[in-house]
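Source file target39.cif; content: mmCIF, C-alpha atoms.
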```cif
data_work
loop_
_atom_site.label_atom_id
_atom_site.label_comp_id
_atom_site.auth_asym_id
_atom_site.auth_seq_id
_atom_site.Cartn_x
_atom_site.Cartn_y
_atom_site.Cartn_z
CA MET A 15 -10.14 67.00 208.85
CA LYS A 16 -11.52 70.14 207.35
CA SER A 17 -11.79 70.31 203.60
CA VAL A 18 -10.09 73.05 201.60
CA PHE A 19 -13.56 74.38 200.77
CA GLN A 20 -14.48 74.75 204.45
CA THR A 21 -11.20 76.49 205.26
CA ARG A 22 -11.58 78.90 202.37
CA LEU A 23 -15.21 79.55 203.22
CA GLY A 24 -14.23 80.35 206.80
CA ALA A 25 -11.52 82.74 205.63
CA LEU A 26 -13.94 84.35 203.20
CA VAL A 27 -16.58 84.87 205.91
CA MET A 28 -13.94 86.33 208.25
CA ALA A 29 -12.61 88.65 205.52
CA THR A 30 -16.14 89.83 204.68
CA PHE A 31 -16.81 90.47 208.36
CA LEU A 32 -13.57 92.48 208.74
CA ILE A 33 -14.29 94.55 205.64
CA ALA A 34 -17.84 95.21 206.80
CA SER A 35 -16.62 96.25 210.28
CA ALA A 36 -14.02 98.57 208.77
CA ALA A 37 -16.68 100.12 206.55
CA VAL A 38 -18.98 100.71 209.53
CA ALA A 39 -16.11 102.28 211.52
CA ALA A 40 -15.16 104.51 208.60
CA ARG A 41 -18.79 105.53 208.16
CA ALA A 42 -18.99 106.61 211.80
CA GLN A 43 -16.18 109.14 211.23
CA ASP A 44 -17.58 110.36 207.94
CA SER A 45 -19.23 113.74 207.84
CA LYS A 46 -20.85 113.14 204.46
CA LEU A 47 -24.61 113.24 204.89
CA GLN A 48 -26.99 111.07 202.93
CA LEU A 49 -29.08 113.61 201.05
CA SER A 50 -30.78 111.30 198.57
CA ALA A 51 -33.88 111.13 200.80
CA LEU A 52 -34.65 114.65 199.55
CA ASP A 53 -34.44 113.77 195.84
CA HIS A 54 -38.19 113.23 195.57
CA LEU A 55 -38.73 116.96 196.28
CA ALA A 56 -37.30 117.88 192.88
CA SER A 57 -40.59 117.01 191.20
CA LYS A 58 -42.52 119.38 193.52
CA ALA A 59 -39.99 122.21 193.62
CA SER A 60 -40.17 125.21 191.36
CA GLU A 61 -36.37 125.28 191.39
CA SER A 62 -33.92 122.69 192.61
CA VAL A 63 -30.14 122.75 192.65
CA ASP A 64 -27.89 119.79 193.26
CA VAL A 65 -24.16 120.43 193.65
CA ASN A 66 -21.74 117.51 193.98
CA ILE A 67 -18.08 118.34 194.36
CA ASP A 68 -16.67 115.08 195.63
CA GLU A 69 -13.15 114.21 196.75
CA ARG A 70 -11.95 113.62 193.18
CA LEU A 71 -13.22 117.02 192.07
CA MET A 72 -11.76 118.66 195.16
CA ARG A 73 -8.38 117.16 194.26
CA LEU A 74 -8.72 118.57 190.76
CA ALA A 75 -9.68 121.93 192.26
CA SER A 76 -6.54 122.04 194.35
CA LYS A 77 -4.52 121.39 191.18
CA VAL A 78 -6.11 123.98 188.91
CA PHE A 79 -6.09 126.99 191.23
CA SER A 80 -2.93 129.00 190.72
CA GLU A 81 -0.52 130.00 193.47
CA LYS A 82 0.45 133.11 191.49
CA ASP A 83 -2.97 134.75 191.50
CA ALA A 84 -3.83 136.13 194.96
CA ASP A 85 -7.54 135.39 194.60
CA GLU A 86 -6.96 131.82 193.45
CA ARG A 87 -4.30 131.28 196.11
CA GLU A 88 -6.87 132.20 198.75
CA ILE A 89 -9.40 129.76 197.28
CA LYS A 90 -6.74 127.07 197.12
CA GLN A 91 -6.02 127.53 200.82
CA LEU A 92 -9.75 127.66 201.47
CA VAL A 93 -10.43 124.27 199.94
CA ALA A 94 -7.22 122.59 201.10
CA GLY A 95 -8.17 119.48 203.04
CA ILE A 96 -11.85 119.69 202.15
CA LYS A 97 -12.99 116.35 200.80
CA GLY A 98 -16.30 117.38 199.36
CA ILE A 99 -18.96 120.05 199.02
CA TYR A 100 -22.54 118.95 198.56
CA VAL A 101 -25.57 121.19 198.21
CA LYS A 102 -29.23 120.39 197.76
CA SER A 103 -31.59 123.29 197.53
CA PHE A 104 -35.30 123.42 196.77
CA GLU A 105 -37.61 126.39 196.25
CA PHE A 106 -41.36 125.93 196.23
CA GLU A 107 -44.18 128.08 194.89
CA SER A 108 -46.49 127.34 197.82
CA ASP A 109 -46.27 126.37 201.47
CA GLY A 110 -46.32 122.79 202.70
CA GLN A 111 -44.56 121.19 199.74
CA TYR A 112 -42.03 119.49 201.94
CA SER A 113 -42.73 117.73 205.22
CA ALA A 114 -41.22 117.75 208.66
CA ALA A 115 -40.10 114.20 207.90
CA ASP A 116 -37.95 115.52 205.05
CA VAL A 117 -36.14 117.90 207.41
CA GLU A 118 -35.98 115.18 210.02
CA SER A 119 -34.24 112.82 207.58
CA ILE A 120 -31.29 115.22 207.71
CA ARG A 121 -31.56 116.18 211.38
CA THR A 122 -31.50 112.53 212.43
CA GLN A 123 -28.06 112.20 210.88
CA LEU A 124 -26.92 115.39 212.59
CA ARG A 125 -27.86 113.94 215.98
CA GLY A 126 -25.27 111.22 215.42
CA PRO A 127 -22.03 110.96 217.36
CA GLY A 128 -19.61 113.84 216.90
CA TRP A 129 -22.08 116.36 215.50
CA THR A 130 -22.58 119.55 217.51
CA ARG A 131 -25.12 122.25 216.82
CA LEU A 132 -23.59 125.70 216.91
CA VAL A 133 -25.36 128.54 218.64
CA ASN A 134 -23.23 131.54 217.73
CA VAL A 135 -24.56 131.82 214.21
CA THR A 136 -27.17 134.23 212.95
CA SER A 137 -28.79 134.62 209.59
CA LYS A 138 -29.50 137.93 207.92
CA LYS A 139 -32.24 136.19 206.00
CA GLU A 140 -35.53 135.06 207.39
CA GLY A 141 -36.14 131.42 208.19
CA ASN A 142 -34.35 128.85 210.26
CA VAL A 143 -30.67 128.26 209.81
CA GLU A 144 -29.06 125.48 211.77
CA VAL A 145 -25.31 125.03 211.61
CA TYR A 146 -23.66 121.83 212.76
CA LEU A 147 -20.02 120.85 213.13
CA LEU A 148 -18.68 117.32 213.23
CA MET A 149 -15.84 117.14 215.73
CA ASN A 150 -13.24 114.41 215.46
CA GLY A 151 -11.53 115.03 218.78
CA GLU A 152 -10.17 118.57 218.62
CA GLN A 153 -10.48 118.75 214.86
CA VAL A 154 -13.44 119.80 212.79
CA GLY A 155 -14.28 116.91 210.50
CA GLY A 156 -17.17 118.46 208.64
CA LEU A 157 -19.91 121.01 208.58
CA ALA A 158 -23.59 121.02 207.74
CA VAL A 159 -26.03 123.88 207.26
CA LEU A 160 -29.73 123.20 207.26
CA SER A 161 -31.74 126.20 206.12
CA HIS A 162 -35.49 126.06 205.79
CA ASP A 163 -38.55 128.24 205.69
CA ASP A 164 -42.07 127.77 204.37
CA ARG A 165 -41.01 127.70 200.74
CA GLU A 166 -37.37 126.77 200.77
CA LEU A 167 -35.19 123.93 201.95
CA THR A 168 -31.41 123.94 201.60
CA VAL A 169 -28.78 121.60 202.91
CA VAL A 170 -25.07 122.37 202.58
CA ASN A 171 -22.63 119.67 203.60
CA ILE A 172 -18.89 120.28 203.65
CA VAL A 173 -16.81 117.17 204.28
CA GLY A 174 -13.41 117.66 205.86
CA PRO A 175 -11.84 120.35 208.01
CA VAL A 176 -13.57 123.72 207.69
CA ASP A 177 -14.39 126.60 209.97
CA LEU A 178 -17.13 129.19 209.92
CA GLU A 179 -14.81 131.83 208.50
CA LYS A 180 -14.26 129.51 205.57
CA LEU A 181 -17.97 128.90 205.19
CA ALA A 182 -18.62 132.61 204.84
CA LYS A 183 -15.95 132.82 202.12
CA LEU A 184 -17.33 129.78 200.33
CA GLU A 185 -20.77 131.38 200.01
CA GLY A 186 -21.40 132.17 196.36
CA GLN A 187 -18.55 129.89 195.24
CA PHE A 188 -18.45 126.20 194.34
CA GLY A 189 -22.23 126.27 194.11
CA VAL A 190 -22.63 127.09 197.80
CA PRO A 191 -25.63 129.42 198.07
CA ASP A 192 -25.57 132.70 199.94
CA LEU A 193 -27.08 131.72 203.25
CA GLY A 194 -26.40 135.02 204.95
CA ILE A 195 -24.40 133.26 207.64
CA GLU A 196 -22.42 135.45 209.99
CA THR A 197 -20.21 134.28 212.79
CA ALA A 198 -20.79 136.11 216.05
CA LYS A 199 -17.84 138.33 216.81
CA PRO A 200 -16.35 138.04 220.29
CA LYS A 201 -17.73 140.76 222.49
CA THR A 202 -15.39 143.58 223.37
CA LYS A 203 -15.56 145.78 226.41
CA ASN A 204 -17.00 148.60 224.28
CA ASP A 205 -19.81 146.34 223.07
CA GLU A 206 -20.83 145.57 226.61
CA LYS A 207 -21.22 149.21 227.58
CA MET B 29 -3.17 74.42 169.13
CA SER B 30 0.11 75.86 170.46
CA THR B 31 0.49 78.09 173.53
CA ASN B 32 1.80 80.90 171.33
CA HIS B 33 -1.34 80.73 169.25
CA PHE B 34 -3.50 81.14 172.38
CA LYS B 35 -1.35 84.08 173.48
CA ARG B 36 -1.84 85.77 170.13
CA ILE B 37 -5.60 85.28 170.30
CA ALA B 38 -5.64 86.62 173.88
CA ALA B 39 -3.58 89.65 172.84
CA VAL B 40 -5.95 90.40 169.95
CA LEU B 41 -8.99 90.04 172.24
CA LEU B 42 -7.36 92.35 174.80
CA LEU B 43 -6.66 94.96 172.13
CA PHE B 44 -10.25 94.77 170.94
CA SER B 45 -11.63 95.18 174.44
CA LEU B 46 -9.29 98.12 175.16
CA ALA B 47 -10.29 99.75 171.89
CA SER B 48 -13.97 99.37 172.71
CA MET B 49 -13.40 100.85 176.19
CA VAL B 50 -11.67 103.90 174.68
CA GLN B 51 -14.48 104.18 172.14
CA ALA B 52 -17.11 103.99 174.88
CA LYS B 53 -15.40 106.73 176.89
CA GLY B 54 -15.06 109.02 173.91
CA ASP B 55 -18.58 108.43 172.69
CA ASP B 56 -20.52 109.67 175.71
CA PHE B 57 -21.50 112.86 173.89
CA ASN B 58 -23.27 110.84 171.19
CA SER B 59 -24.82 108.55 173.80
CA VAL B 60 -26.32 111.55 175.60
CA VAL B 61 -27.69 112.95 172.34
CA ARG B 62 -29.25 109.56 171.53
CA MET B 63 -30.62 109.30 175.06
CA ILE B 64 -32.39 112.65 174.71
CA GLU B 65 -33.76 111.60 171.34
CA GLN B 66 -35.11 108.33 172.70
CA PHE B 67 -36.45 109.68 175.99
CA TYR B 68 -38.25 112.67 174.51
CA GLY B 69 -38.87 111.36 170.99
CA VAL B 70 -37.01 114.28 169.39
CA LYS B 71 -34.32 114.64 166.74
CA HIS B 72 -31.18 116.77 166.96
CA GLU B 73 -29.80 118.97 164.21
CA GLY B 74 -26.32 118.04 163.06
CA ILE B 75 -23.69 120.75 163.14
CA PRO B 76 -21.01 119.30 160.87
CA PHE B 77 -19.34 122.67 160.39
CA LEU B 78 -18.70 123.15 164.07
CA ALA B 79 -17.85 119.53 164.74
CA LYS B 80 -15.19 119.47 162.05
CA ALA B 81 -13.79 122.95 162.19
CA GLY B 82 -15.19 124.06 165.50
CA MET B 83 -12.08 125.44 167.06
CA LYS B 84 -10.98 127.33 163.98
CA ALA B 85 -14.39 128.97 163.74
CA ALA B 86 -14.56 129.55 167.45
CA ARG B 87 -11.10 131.07 167.64
CA THR B 88 -11.88 133.44 164.79
CA ALA B 89 -15.16 134.41 166.40
CA ALA B 90 -13.45 134.87 169.74
CA ARG B 91 -10.81 137.16 168.24
CA ILE B 92 -13.53 139.27 166.68
CA LYS B 93 -15.76 139.34 169.71
CA GLY B 94 -13.16 139.27 172.46
CA GLY B 95 -14.41 139.13 176.03
CA THR B 96 -16.02 136.00 177.36
CA ALA B 97 -15.89 134.17 174.04
CA ARG B 98 -12.23 133.58 174.86
CA GLN B 99 -13.39 130.78 177.10
CA ILE B 100 -14.36 128.75 174.08
CA ALA B 101 -11.30 129.87 172.14
CA GLU B 102 -9.14 128.24 174.77
CA ALA B 103 -11.33 125.23 174.97
CA GLY B 104 -9.46 123.11 172.43
CA SER B 105 -12.45 121.36 170.88
CA ILE B 106 -16.20 121.63 170.87
CA LYS B 107 -18.96 119.13 170.20
CA LEU B 108 -22.41 120.60 169.87
CA ALA B 109 -25.87 119.17 169.28
CA VAL B 110 -28.93 121.39 169.14
CA PHE B 111 -32.59 120.45 169.34
CA GLU B 112 -34.92 123.23 168.22
CA ASP B 113 -38.68 123.75 168.28
CA GLN B 114 -39.57 120.32 169.61
CA ALA B 115 -41.55 119.29 172.67
CA PHE B 116 -39.55 118.07 175.65
CA ALA B 117 -42.41 116.63 177.63
CA GLY B 118 -41.52 113.96 180.13
CA GLU B 119 -40.78 113.28 183.75
CA PHE B 120 -37.54 115.14 184.27
CA THR B 121 -36.59 113.33 187.48
CA LYS B 122 -36.72 110.08 185.52
CA PHE B 123 -34.55 111.57 182.79
CA ARG B 124 -32.07 112.75 185.41
CA SER B 125 -31.82 109.24 186.89
CA THR B 126 -31.27 107.72 183.44
CA LEU B 127 -28.62 110.29 182.56
CA ASN B 128 -26.77 109.92 185.85
CA ALA B 129 -26.79 106.14 185.58
CA ALA B 130 -25.33 106.32 182.06
CA LEU B 131 -22.55 108.80 182.87
CA ASN B 132 -21.82 107.75 186.42
CA GLU B 133 -18.74 105.67 185.63
CA SER B 134 -16.75 108.00 183.44
CA TRP B 135 -17.95 111.48 184.41
CA LEU B 136 -18.23 113.43 187.66
CA PRO B 137 -21.53 115.27 188.14
CA LEU B 138 -20.86 118.86 189.19
CA VAL B 139 -24.16 120.71 189.17
CA GLN B 140 -27.70 119.73 188.23
CA THR B 141 -30.63 122.11 188.31
CA LEU B 142 -34.27 121.42 187.64
CA SER B 143 -37.09 123.91 187.38
CA ALA B 144 -40.68 122.73 187.45
CA THR B 145 -41.81 126.29 186.69
CA THR B 146 -39.90 126.75 183.45
CA ALA B 147 -39.36 123.02 182.73
CA GLU B 148 -35.66 123.77 182.40
CA GLN B 149 -32.99 121.25 183.26
CA THR B 150 -29.25 121.83 183.31
CA TYR B 151 -26.53 119.29 183.92
CA ILE B 152 -22.78 119.80 184.13
CA PHE B 153 -20.46 116.78 184.14
CA THR B 154 -16.67 116.90 184.16
CA ARG B 155 -13.70 114.59 183.82
CA GLU B 156 -9.93 114.86 183.55
CA ALA B 157 -8.49 114.60 180.04
CA GLY B 158 -4.71 114.73 180.31
CA GLU B 159 -3.66 118.32 180.86
CA LYS B 160 -7.18 119.57 180.14
CA PHE B 161 -10.66 118.85 181.37
CA ASN B 162 -13.71 117.60 179.50
CA VAL B 163 -16.92 119.36 180.39
CA LEU B 164 -20.29 118.08 179.24
CA LEU B 165 -23.15 120.58 179.49
CA ILE B 166 -26.73 119.56 178.87
CA THR B 167 -29.54 122.09 178.84
CA ILE B 168 -33.14 121.08 178.20
CA GLU B 169 -36.00 123.55 178.04
CA GLN B 170 -39.66 123.24 177.01
CA ARG B 171 -39.02 123.58 173.27
CA GLU B 172 -35.26 123.28 172.84
CA ALA B 173 -32.19 121.53 174.13
CA THR B 174 -28.44 121.78 173.78
CA VAL B 175 -25.64 119.33 174.42
CA VAL B 176 -22.15 120.81 174.47
CA GLN B 177 -18.87 119.10 175.17
CA VAL B 178 -15.77 121.25 175.51
CA ASN B 179 -12.20 120.79 176.60
CA LEU B 180 -11.23 123.39 179.16
CA SER B 181 -7.80 124.56 180.20
CA PRO B 182 -7.03 124.27 183.94
CA LYS B 183 -7.55 128.03 184.24
CA ASN B 184 -11.04 127.90 182.77
CA PHE B 185 -11.84 124.74 184.68
CA ALA B 186 -11.00 126.65 187.87
CA ARG B 187 -13.45 129.31 186.73
CA LEU B 188 -16.10 126.65 186.21
CA LEU B 189 -15.55 125.23 189.70
CA LYS B 190 -15.79 128.68 191.28
CA ASP B 191 -19.03 129.48 189.56
CA PRO B 192 -20.46 126.27 188.04
CA GLU B 193 -23.87 127.65 187.05
CA GLY B 194 -22.67 130.97 185.65
CA THR B 195 -19.69 129.61 183.73
CA GLY B 196 -21.67 126.61 182.48
CA LYS B 197 -24.38 128.88 181.12
CA ALA B 198 -21.80 131.16 179.52
CA LEU B 199 -20.09 128.22 177.81
CA THR B 200 -23.37 126.92 176.38
CA GLU B 201 -24.41 130.36 175.21
CA GLU B 202 -21.05 131.02 173.60
CA ALA B 203 -21.04 127.71 171.78
CA THR B 204 -24.48 128.31 170.32
CA ILE B 205 -23.85 131.98 169.53
CA ILE B 206 -20.64 131.11 167.73
CA ASP B 207 -22.51 128.46 165.78
CA GLN B 208 -25.03 130.99 164.58
CA GLU B 209 -22.39 133.44 163.35
#
```

Structure encoded using structure tokens:
Amino acid sequence: MKSVFQTRLGALVMATFLIASAAVAARAQDSKLQLSALDHLASKASESVDVNIDERLMRLASKVFSEKDADEREIKQLVAGIKGIYVKSFEFESDGQYSAADVESIRTQLRGPGWTRLVNVTSKKEGNVEVYLLMNGEQVGGLAVLSHDDRELTVVNIVGPVDLEKLAKLEGQFGVPDLGIETAKPKTKNDEK
Amino acid sequence: MSTNHFKRIAAVLLLFSLASMVQAKGDDFNSVVRMIEQFYGVKHEGIPFLAKAGMKAARTAARIKGGTARQIAEAGSIKLAVFEDQAFAGEFTKFRSTLNAALNESWLPLVQTLSATTAEQTYIFTREAGEKFNVLLITIEQREATVVQVNLSPKNFARLLKDPEGTGKALTEEATIIDQE
């Protein structure tokens, strides 16, 4: 006959296993990137900016923006459903202050299931701008922008449903830097002439 | 010892622990000031006038000045600590880790900026406070530092969220300008 201790231990192990499995499953759907691998760059950077607007702050944001004011109403609609905005940006005074491994620490996550690299995005600024969308079926579950050149590295991560139109409007707000992102307009017959 | 006696003791202990929790939450401003003092070996200047009659002074100043000073006028209360003409030499990434660890439970970090070039650090933390919002702004430069805690109305909190760096800087500047008047 099993002792009470053995039964409880078994239940505890099973519960821990179920919780761990649920956490892993939830993580797979999550579009929040782990950006802490870049924290060490702050000591080398001439300027570094770290913006954290998590789900709790996003909820507060949806409360404080007024429906009466047209501008605030637009922002309210803009952030509706967004669960977080995270930005890490580093500027350096000389080349070679960050490594390919630093960029790769982000790219590796963006090669995970669901993430798609967009091609119809151009940047007015010089440097490389990579834009990724996390698709949960038909829905956009998150967005990431990886912008880097010789002396700058910026990662923007928006968790939750967002589209590129929204990204352009978010530039300069909520700490999202101006990345010069433009969505490619659909070609018209006149354009093709 | 009777059961009722135990209940009374438990109730008293519970009240004490709740009181200390409230105290801990409300005392983060002082903790941050002490943390800066200990980490950098500096001493802040007390601003009793502003701490006690801050809003009255700020409102008057805001009425006179108008414009952006109205942000503070609506703020509800201000706590301010200033460190002047002292050396803030130390590893700022280590300070940031210490600060974040201390405030992590009761505050939400909004924006943090570090500049190796100018040795300037800025931190903005927020939290809900009933109908209003507490905002804790910490600015550390090479020779001076400022810690400001303000209560913001939802309208001004929205402004802070839209432009965290700009509004945060304006709030710190206004608090210190008003203090000097």

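Relative to CA of Glu144 in chain A, CA of Ser76 in chain A is found at 28.7 Å.
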
Residues at most 7 Å from range 158-163 of chain A, counting only C-alpha atoms, excluding those fewer than 2 positions away in the same chain, as an mmCIF file with C-alpha atoms, in the frame of the given file?
```cif
data_model
loop_
_atom_site.group_PDB
_atom_site.id
_atom_site.type_symbol
_atom_site.label_atom_id
_atom_site.label_comp_id
_atom_site.auth_asym_id
_atom_site.auth_seq_id
_atom_site.Cartn_x
_atom_site.Cartn_y
_atom_site.Cartn_z
ATOM 1 C CA GLY A 141 -36.140 131.420 208.190
ATOM 2 C CA ASN A 142 -34.350 128.850 210.260
ATOM 3 C CA VAL A 143 -30.670 128.260 209.810
ATOM 4 C CA GLU A 144 -29.060 125.480 211.770
ATOM 5 C CA VAL A 145 -25.310 125.030 211.610
ATOM 6 C CA TYR A 146 -23.660 121.830 212.760
ATOM 7 C CA LEU A 147 -20.020 120.850 213.130
ATOM 8 C CA GLY A 156 -17.170 118.460 208.640
ATOM 9 C CA ARG A 165 -41.010 127.700 200.740
ATOM 10 C CA GLU A 166 -37.370 126.770 200.770
ATOM 11 C CA LEU A 167 -35.190 123.930 201.950
ATOM 12 C CA THR A 168 -31.410 123.940 201.600
ATOM 13 C CA VAL A 169 -28.780 121.600 202.910
ATOM 14 C CA VAL A 170 -25.070 122.370 202.580
ATOM 15 C CA ASN A 171 -22.630 119.670 203.600
ATOM 16 C CA ILE A 172 -18.890 120.280 203.650
#
```

Just the number, please: distance in Å from CA of Ala117 in chain B to CA of Glu169 in chain B, one decimal. 9.4 Å

Shell around range 93-99 of chain A at 10 Å using all atoms listed in the file, local window under 3 positions removed, as a ChimeraX atom specification: /A:45-46,65-73,75-76,88-90,155-158,170-176,180,184,188-190

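If you apply the PyMOL selection byres ((chain B) within 6 of (chain A)) to this structure, you end up with Leu138, Val139, Gln140, Thr141, Leu142, Ser143, Ala144, Thr145, Pro182, Ala186, Leu189, Lys190 and Asp191 of chain B.
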